[in-house]
Amino acid sequence: MALHQPRVVPWRNASELFNLRNDFYPSLESGEPDRRSAALAKVAAWQVRARIPHAIEATAQLTSALLLDTPAATSLQTRLAYSTAICRFVNGLLDPAQQSQFALPMHLLAKNLNLPASFVELRHAATHEALPSLTVLRTVALRALDWLWGDYWAAIGVESDETRAGAEEGLLIERARAAVKTWRRERRENPLRPIKEGDSSEEGKTVAMVIRECAELCKNDEGMETLIEALLEEKALIPAGKKKGKMMKGAKLLWTPLLVQLEGKVPGFVGRLVEAMGEVLKAAEDLPAALLRGVKKGCEIAEDAPGDAEFLAAVFAWLGFLTQKKQTGTGCVGAGVALEELVKQILLQPNEWNMQLLNHIFTEHPQLKPKYQTLADLASTQAQPVDKRKSGEKRPLEAIEAEIAAFEERFNKVQQQRAKTRPVAAEHEERAIESAGKWKRWEGAWIAKPLGVV
Amino acid sequence: MPKRTREEAVKPAPRLSAVAQRRLRAAAAAAPPHATPEPARKPKPEKSVSNEELAQKRAEIEGKIAGRVRVLQGGGPAGVVEATEELSPARASPEGSSVTVAAAGSPSGRGEESALARIKRQRQEKRLDEDVEMLSPGEESEEDDVMGTTAESAAPVPSQFSSFVPTDENYNATNSSMTFRLQPGETLVLVGIYEIAVTKGSITISGAKLSDSSPKQTIYAPTTHALPVIEAPSKRRRDGSEKYLGAEIRITSHHSGLADIGKLCPTFNGVWKRPSKDHDSRSFSPIYSSTVNVPTLTIPSAWKTTLSSLLTRCTDGPRPPTILLTGSKSAGKSTFSRIFSNTLLTSGGVEGIAYLDIDPGQPEFTPPGSISLSILNSPILGPPFTHTHIPVRWHHIGYTSPREDPGHYINSIIDLLSAYRQQYASTPLIINTMGWTKGLGLELLQDILVHSQASDIIFLGNGAQSVSELVPPNTATFHELPSAAVAGATRFTPADLRTLHTMSYFHRQGLGDWNFSTPLTAIAPWMVPFTGPNRGVDAVHIMGEFIAPSEIVTAVEGTIVGIVVVAEHNFPGSSSSDVALPVLTAPLAPDVAECRGLAIIRAVDSEQGLLQMVSTVAQEEVERWDKEGLKVVLVRGRLELSPWEMIVPGGGGNGEIPWVSTVLGTKGRGAVWRVRRNVMRRGQQ
């Protein structure tokens with residue numbers, strides 16, 4: 001796409017403009033709330049940002065006059081409001097059309113713009129003659145809004161990038177789901193059947209197609225995210241139904257070959273999948289610890305775990321599986337998992353779930369232990385058993401005091417450690433966090449982002 | 001497009017043999033000048049012969065220096081007049097021929113159009129400029145000392161810019177510097193950024209007199225504004241002493257971040273270069289003559305008497321004068337005030353000058369939308385965007401014209417005037433007003449006259465009568481002067497210049513130091529909490545219309561705001577809930593609140609209650625507000641930010657760029673109502 005000179009527009013994106021259109025021109029179906037006042041507030045805010053197109057300004061002014069036209073306002077107030085809105089509508093439209101050195105008659109300009117001459121007449125009357133009657137003004141204001149619809153608003157949003165992107169997103173998830181579904185249907189009967197290149201059987205062809213489609217989807221970040229989303233739905237990596245625990249083994253058998261194939265075609269896919277799973281778990285702090293304990297025993301899921309929790313437990317089980325030593329070796333499914341990254345993430349936001357996973361990783365990969373053990377110990381004191389915290393019971397004073405003492409001890413330890421490494425660390429810190437009064441500089445590296453992107 | 005025949009005649013077509021080329025050139029030289037289809041050509045000045053000689057000599061020396069062209073004798077009158085300093089290496093034949101004559105191509109490739117076409121284009125451009133001026137909200141205050149008044153006086157090309165002609169004796173160049181020995185009365189024009197050191201004698205530049213005892217000065221001379229002229233004084237000193245007449249100056253490169261502005265905003269590409277091919281490692285280049293219209297600045301002789309009488313008043317008078325500058329748009333008010341300040345400051349008579357900068361459309365020292373009081377101690381040697389500084393007292397007007405809130409504008413001026421009286425009453429005061437002298441503008445001017453008690457009112461340009469009627473007859477002197485004579489026009493509109501100034505402000509890193517290699521979107525922002533006890537911003541105030549609380553963020557996110565501080569006891573309190581951006585509905589009075597800088601709210605993080613802000617306000621300054629318990633209010637006027645500052649150059653940021661459209665604007669449909677005030681009625685001419 002040829003990039004044109006960028007210009008500033010008052011709307012944040014095309015959909016904001018599209019929404020404004022729908023607020024100003026509500027559909028005829030009853031039951032939709034009148035959003036015209038909100039639209040006027042939006043336009044007022046836009047005018048603080050930048051100059052707005054005349055069509056929008058005129059629509060707002062005409063709408064404002066229409067909303068004023070209630071028995072609460074005097075007839076003169078209403079007539080003045082209508083008159084001003086109509087005069088400004090016509091002038092703003094015709095003035096830019098005055099391109100020559102000498103003024104052309106307005107009727108001529110109006111004709112070129114397909115603007116009915118009656119608008120020009122009314123403008124003239126409202127400016128120079130007796131103020132037109134309310135009935136006339138009302139009719140003309142409504143006609144003006146219609147005219148603006150046809151001239152400006154009707155074209156808004158149809159071709160907007162925003163809606164197209166939305167449609168594409170919808171398309172992506174459909175494609176991803178279809179691929180996942182096909183895989184399950186084809187492989188469910190015989191999950192152990194080897195996948196060979198150039199397999200000419202019906203099943204082989206379909207499977208190859210699914211892999212191709214998935215790899216195709218992963219060509220851009222958005223597609224990859226969508227595929228991962230589809231995989232993390234029930235009936236995909238996560239078994240459907242209540243007794244997920246029992247079905248995990250089967251799920252692993254069914255899906256691991258696909259993951260292996262994808263990792264081969266799209267290096268880093270499984271790594272990204274593990275990250276996404278970690279994020280799912282992070283959002284799931286409320287998972288009963290009892291459930292976790294059930295999982296601990298050989299990565300099996302307790303049978304009594306309720307629905308949502310079961311889902312999370314299944315995710316956890318997958319994480320445990322993908323970080324196993326034998327799965328992370330070269331050529332295996334988890335080869336692309338960035339274990340150290342995962343460990344760091346866990347240490348940053350420790351909770352009981354994460355710590356469990358961490359212990360699992362340490363057991364599987366003892367070589368990581370020395371490097372992170374100190375931090376892990378610190379983190380584990382922070383990760384309180386979830387059920388205890390949530391129990392709502394009043395904790396005895398001693399328990400709270402003990403906890404405070406533990407915190408203090410940890411604090412001292414941290415300070416001592418800092419003191420030891422001060423020369424380098426302190427300097428580094430000063431550079432990292434710059435502050436002035438109550439203003440603090442963004443911490444860490446800043447990646448350039450357009451204005452408006454947090 | 002018709003081409004000048006002489007150009008065609010002398011321009012060597014690549015396929016021609018050297019002999020043929022020479023023949024063609026001879027033909028061109030023989031052609032009488034009036035044969036050229038150049039209707040706008042003015043009668044030749046009497047001095048034309050010497051001019052020709054000068055030009056020829058210059059061409060010779062240039063040739064020697066460049067080591068590329070040996071100059072043969074020849075060239076009739078026409079050829080000489082057309083000689084330019086541009087020597088394209090590609091066109092210089094090794095066996096030596098005459099100086100290649102080429103129309104120096106302007107960056108936009110306009111170099112080869114005919115004079116008629118150019119004049120037409122300039123007329124057209126001027127008209128367009130006016131259109132743009134008309135549409136901008138601050139159009140009454142549009143003023144630029146270098147703009148306008150040019151189409152009528154556009155001289156035939158090439159124009160002479162410097163009377164100085166380099167020879168072996170008076171000129172010497174190294175890789176980074178050039179030394180010039182100017183004879184009395186000689187002038188020299190340079191474009192770019194350079195340092196000037198006077199090694200012998202003295203010179204004047206933009207009214208500043210520099211001698212061998214003056215410190216080295218940095219000069220900013222972009223083509224956005226009229227280029228300053230270096231001039232060696234023509235007269236013998238009054239005391240008759242046999243001092244060195246003329247001057248020797250050394251010009252050295254000054255590499256400034258400001259030179260990179262074109263990298264971020266293509267509109268300003270090449271403003272530091274000679275409008276011809278420039279392959280120079282130096283940050284400046286001299287312009288002796290050029291076919292391209294480069295604006296230069298000459299001080300009208302009519303100004304000189306007024307200037308010197310005012311100077312005497314400043315140094316010898318019983319009380320320092322208050323000089324108010326007014327006049328029509330683009331008459332040269334800023335130029336006059338700059339020249340006056342420079343002359344005064346370098347004459348040694350005063351310690352400093354107070355400068356009341358009250359044209360919010362094109363301020364001298366602050367970015368647009370502000371008015372301020374400054375104390376000057378050193379000459380101003382560049383256009384406004386090259387010397388933005390932190391004034392003594394600063395008020396944020398928020399608009400580029402006072403018409404949106406005349407009351408706030410006048411109150412702000414009254415406050416600045418009282419700051420002047422309290423602290424600097426013994427210093428001469430210059431008041432540079434906006435160029436709006438009709439209707440409301442005239443009424444505002446009257447208010448300013450009354451409150452400032454100006455002793456001298458200087459009116460530049462036409463239409464002095466309405467203003468002179470305002471002047472009280474016994475207390476003040478009214479001076480009516482012609483507008484600044486500017487040769488050549490710039491291609492920049494007042495809106496462009498505002499963009500330039502605003503960008504310059506946000507990229508400055510201190511006085512005379514800019515960083516244009518880091519875009520604003522790549523600067524780690526300040527994270528300022530707007531909720532809770534540790535809030536670093538106490539309220540947001542939106543000038544003008546009432547904005548619904550739900551739309552406050554819509555209105556201010558990604559915009560320029562003024563940072564206004566106010567003592568706690570004068571802070572009226574804001575409508576603060578714990579989550580939303582606190583809003584101040586009533587404006588702050590200028591006598592209790594002052595602006596300390598501008599910021600860009602790059603994003604609002606409502607979840608964390610943080611504003612991400614980009615600002616050049618010094619860290620110590622922000623700390624001071626905290627220590628002194630000042631309340632910080634962000635004031636949103638209507639200042640505009642260039643779209644180039646909102647994007648990440650070269651992409652980034654996941655595709656969507658909020659508030660920026662790169663889709664081609666729909667012609668006509670959906671256009672902003674741009675007001676045009678120069679439409680004429682039939683029978684009104």
# chains A, B, ... in the order shown; residues from 1 in each chain; ligands from 1
>>> closest_atom_pairs(of="chain A", to="chain B", cutoff="7 Å", atoms="only C-alpha atoms", output="CSV")
residue,atom,partner,partner_atom,distance
A:Leu3,CA,B:Thr662,CA,6.2
A:His4,CA,B:Thr662,CA,5.1
A:Gln5,CA,B:Thr662,CA,6.0
A:Pro6,CA,B:Thr662,CA,4.5
A:Arg7,CA,B:Ser661,CA,5.4
A:Val8,CA,B:Val660,CA,4.6
A:Val9,CA,B:Trp659,CA,5.1
A:Pro10,CA,B:Trp659,CA,5.9
A:Trp11,CA,B:Trp659,CA,5.6
A:Arg12,CA,B:Trp659,CA,4.4
A:Asn13,CA,B:Pro658,CA,5.8
A:Ala41,CA,B:Ala548,CA,6.0
A:Lys42,CA,B:Glu551,CA,6.4
A:Ala44,CA,B:Ile547,CA,6.5
A:Ala45,CA,B:Ala555,CA,4.5
A:Trp46,CA,B:Ala555,CA,5.9
A:Val48,CA,B:Ala555,CA,5.6
A:Arg49,CA,B:Ala555,CA,5.7
A:Arg51,CA,B:Val672,CA,6.7
A:Ile52,CA,B:Val672,CA,5.8
A:Pro53,CA,B:Val672,CA,4.1
A:His54,CA,B:Val672,CA,5.1
A:Ala55,CA,B:Gly670,CA,5.8
A:Gly92,CA,B:Trp673,CA,5.6
A:Pro96,CA,B:Arg674,CA,6.4
A:Gln101,CA,B:Val679,CA,5.6
A:Phe102,CA,B:Met680,CA,4.6
A:Ala103,CA,B:Arg681,CA,5.4
A:Tyr152,CA,B:Arg669,CA,6.3
A:Ala436,CA,B:Glu623,CA,4.9
A:Gly437,CA,B:Glu623,CA,4.4
A:Lys438,CA,B:Gly536,CA,4.8
A:Trp439,CA,B:Val528,CA,5.0
A:Lys440,CA,B:Met527,CA,5.2
A:Arg441,CA,B:Trp526,CA,4.4
A:Trp442,CA,B:Ala524,CA,5.6
A:Trp446,CA,B:Ala524,CA,5.3
A:Ile447,CA,B:Ala522,CA,6.4
A:Ala448,CA,B:Ala522,CA,4.0
A:Lys449,CA,B:Gly653,CA,5.0
A:Pro450,CA,B:Ile647,CA,4.8
A:Leu451,CA,B:Arg602,CA,5.0
A:Gly452,CA,B:Ala603,CA,4.5
A:Val453,CA,B:Ala603,CA,6.2
A:Val454,CA,B:Ala603,CA,5.6
>>> residues_around(residues="Ala593 (chain B)", least_positions_apart="2", cutoff="7 Å", atoms="only C-alpha atoms", output="NGL selection string")
:B and (564-566 or 588-591 or 595)
>>> closest_residue(among="A:Val414, A:Leu348, A:Leu115, A:Ala179", to="Leu231 (chain A)", atoms="only C-alpha atoms")
A:Ala179
>>> select_by_dssp(residues="region 292-334 of chain B", states="alpha helix (DSSP H)", output="list of chain:residue names")
B:Ser301, B:Ala302, B:Trp303, B:Lys304, B:Thr305, B:Thr306, B:Leu307, B:Ser308, B:Ser309, B:Leu310, B:Leu311, B:Thr312, B:Arg313, B:Cys314, B:Thr315, B:Asp316, B:Lys333, B:Ser334
>>> write_last_selection(atoms="N, CA and C atoms", output="CSV table (one decimal), in the first residue's frame")
chain,number,residue,atom,x,y,z
B,301,SER,N,16.4,51.5,4.9
B,301,SER,CA,17.2,52.7,5.4
B,301,SER,C,16.3,53.6,6.3
B,302,ALA,N,15.0,53.5,6.0
B,302,ALA,CA,14.1,54.4,6.8
B,302,ALA,C,14.1,53.9,8.3
B,303,TRP,N,14.5,52.7,8.5
B,303,TRP,CA,14.5,52.2,9.9
B,303,TRP,C,15.6,52.8,10.7
B,304,LYS,N,16.7,53.1,10.0
B,304,LYS,CA,17.9,53.4,10.7
B,304,LYS,C,17.9,54.6,11.6
B,305,THR,N,17.2,55.7,11.1
B,305,THR,CA,17.1,56.9,11.9
B,305,THR,C,16.3,56.6,13.2
B,306,THR,N,15.2,55.9,13.1
B,306,THR,CA,14.4,55.6,14.2
B,306,THR,C,15.2,54.7,15.2
B,307,LEU,N,15.9,53.7,14.6
B,307,LEU,CA,16.6,52.8,15.5
B,307,LEU,C,17.7,53.6,16.3
B,308,SER,N,18.4,54.5,15.6
B,308,SER,CA,19.4,55.2,16.3
B,308,SER,C,18.9,56.1,17.4
B,309,SER,N,17.7,56.8,17.1
B,309,SER,CA,17.2,57.7,18.1
B,309,SER,C,16.7,56.9,19.3
B,310,LEU,N,16.1,55.7,19.0
B,310,LEU,CA,15.7,54.9,20.2
B,310,LEU,C,16.9,54.4,21.0
B,311,LEU,N,18.0,54.1,20.3
B,311,LEU,CA,19.2,53.6,21.0
B,311,LEU,C,19.6,54.6,22.0
B,312,THR,N,19.7,55.9,21.5
B,312,THR,CA,20.1,56.9,22.3
B,312,THR,C,19.2,57.1,23.6
B,313,ARG,N,17.9,56.9,23.3
B,313,ARG,CA,17.0,57.0,24.4
B,313,ARG,C,17.2,55.9,25.5
B,314,CYS,N,17.6,54.7,25.0
B,314,CYS,CA,17.8,53.6,25.9
B,314,CYS,C,19.0,53.9,26.8
B,315,THR,N,20.1,54.4,26.2
B,315,THR,CA,21.3,54.5,26.9
B,315,THR,C,21.4,55.8,27.7
B,316,ASP,N,20.8,56.9,27.1
B,316,ASP,CA,21.0,58.2,27.7
B,316,ASP,C,19.8,58.8,28.3
B,333,LYS,N,7.7,43.1,12.2
B,333,LYS,CA,7.7,43.5,13.6
B,333,LYS,C,8.8,42.7,14.4
B,334,SER,N,8.8,41.4,14.1
B,334,SER,CA,9.8,40.6,14.8
B,334,SER,C,11.2,40.9,14.4
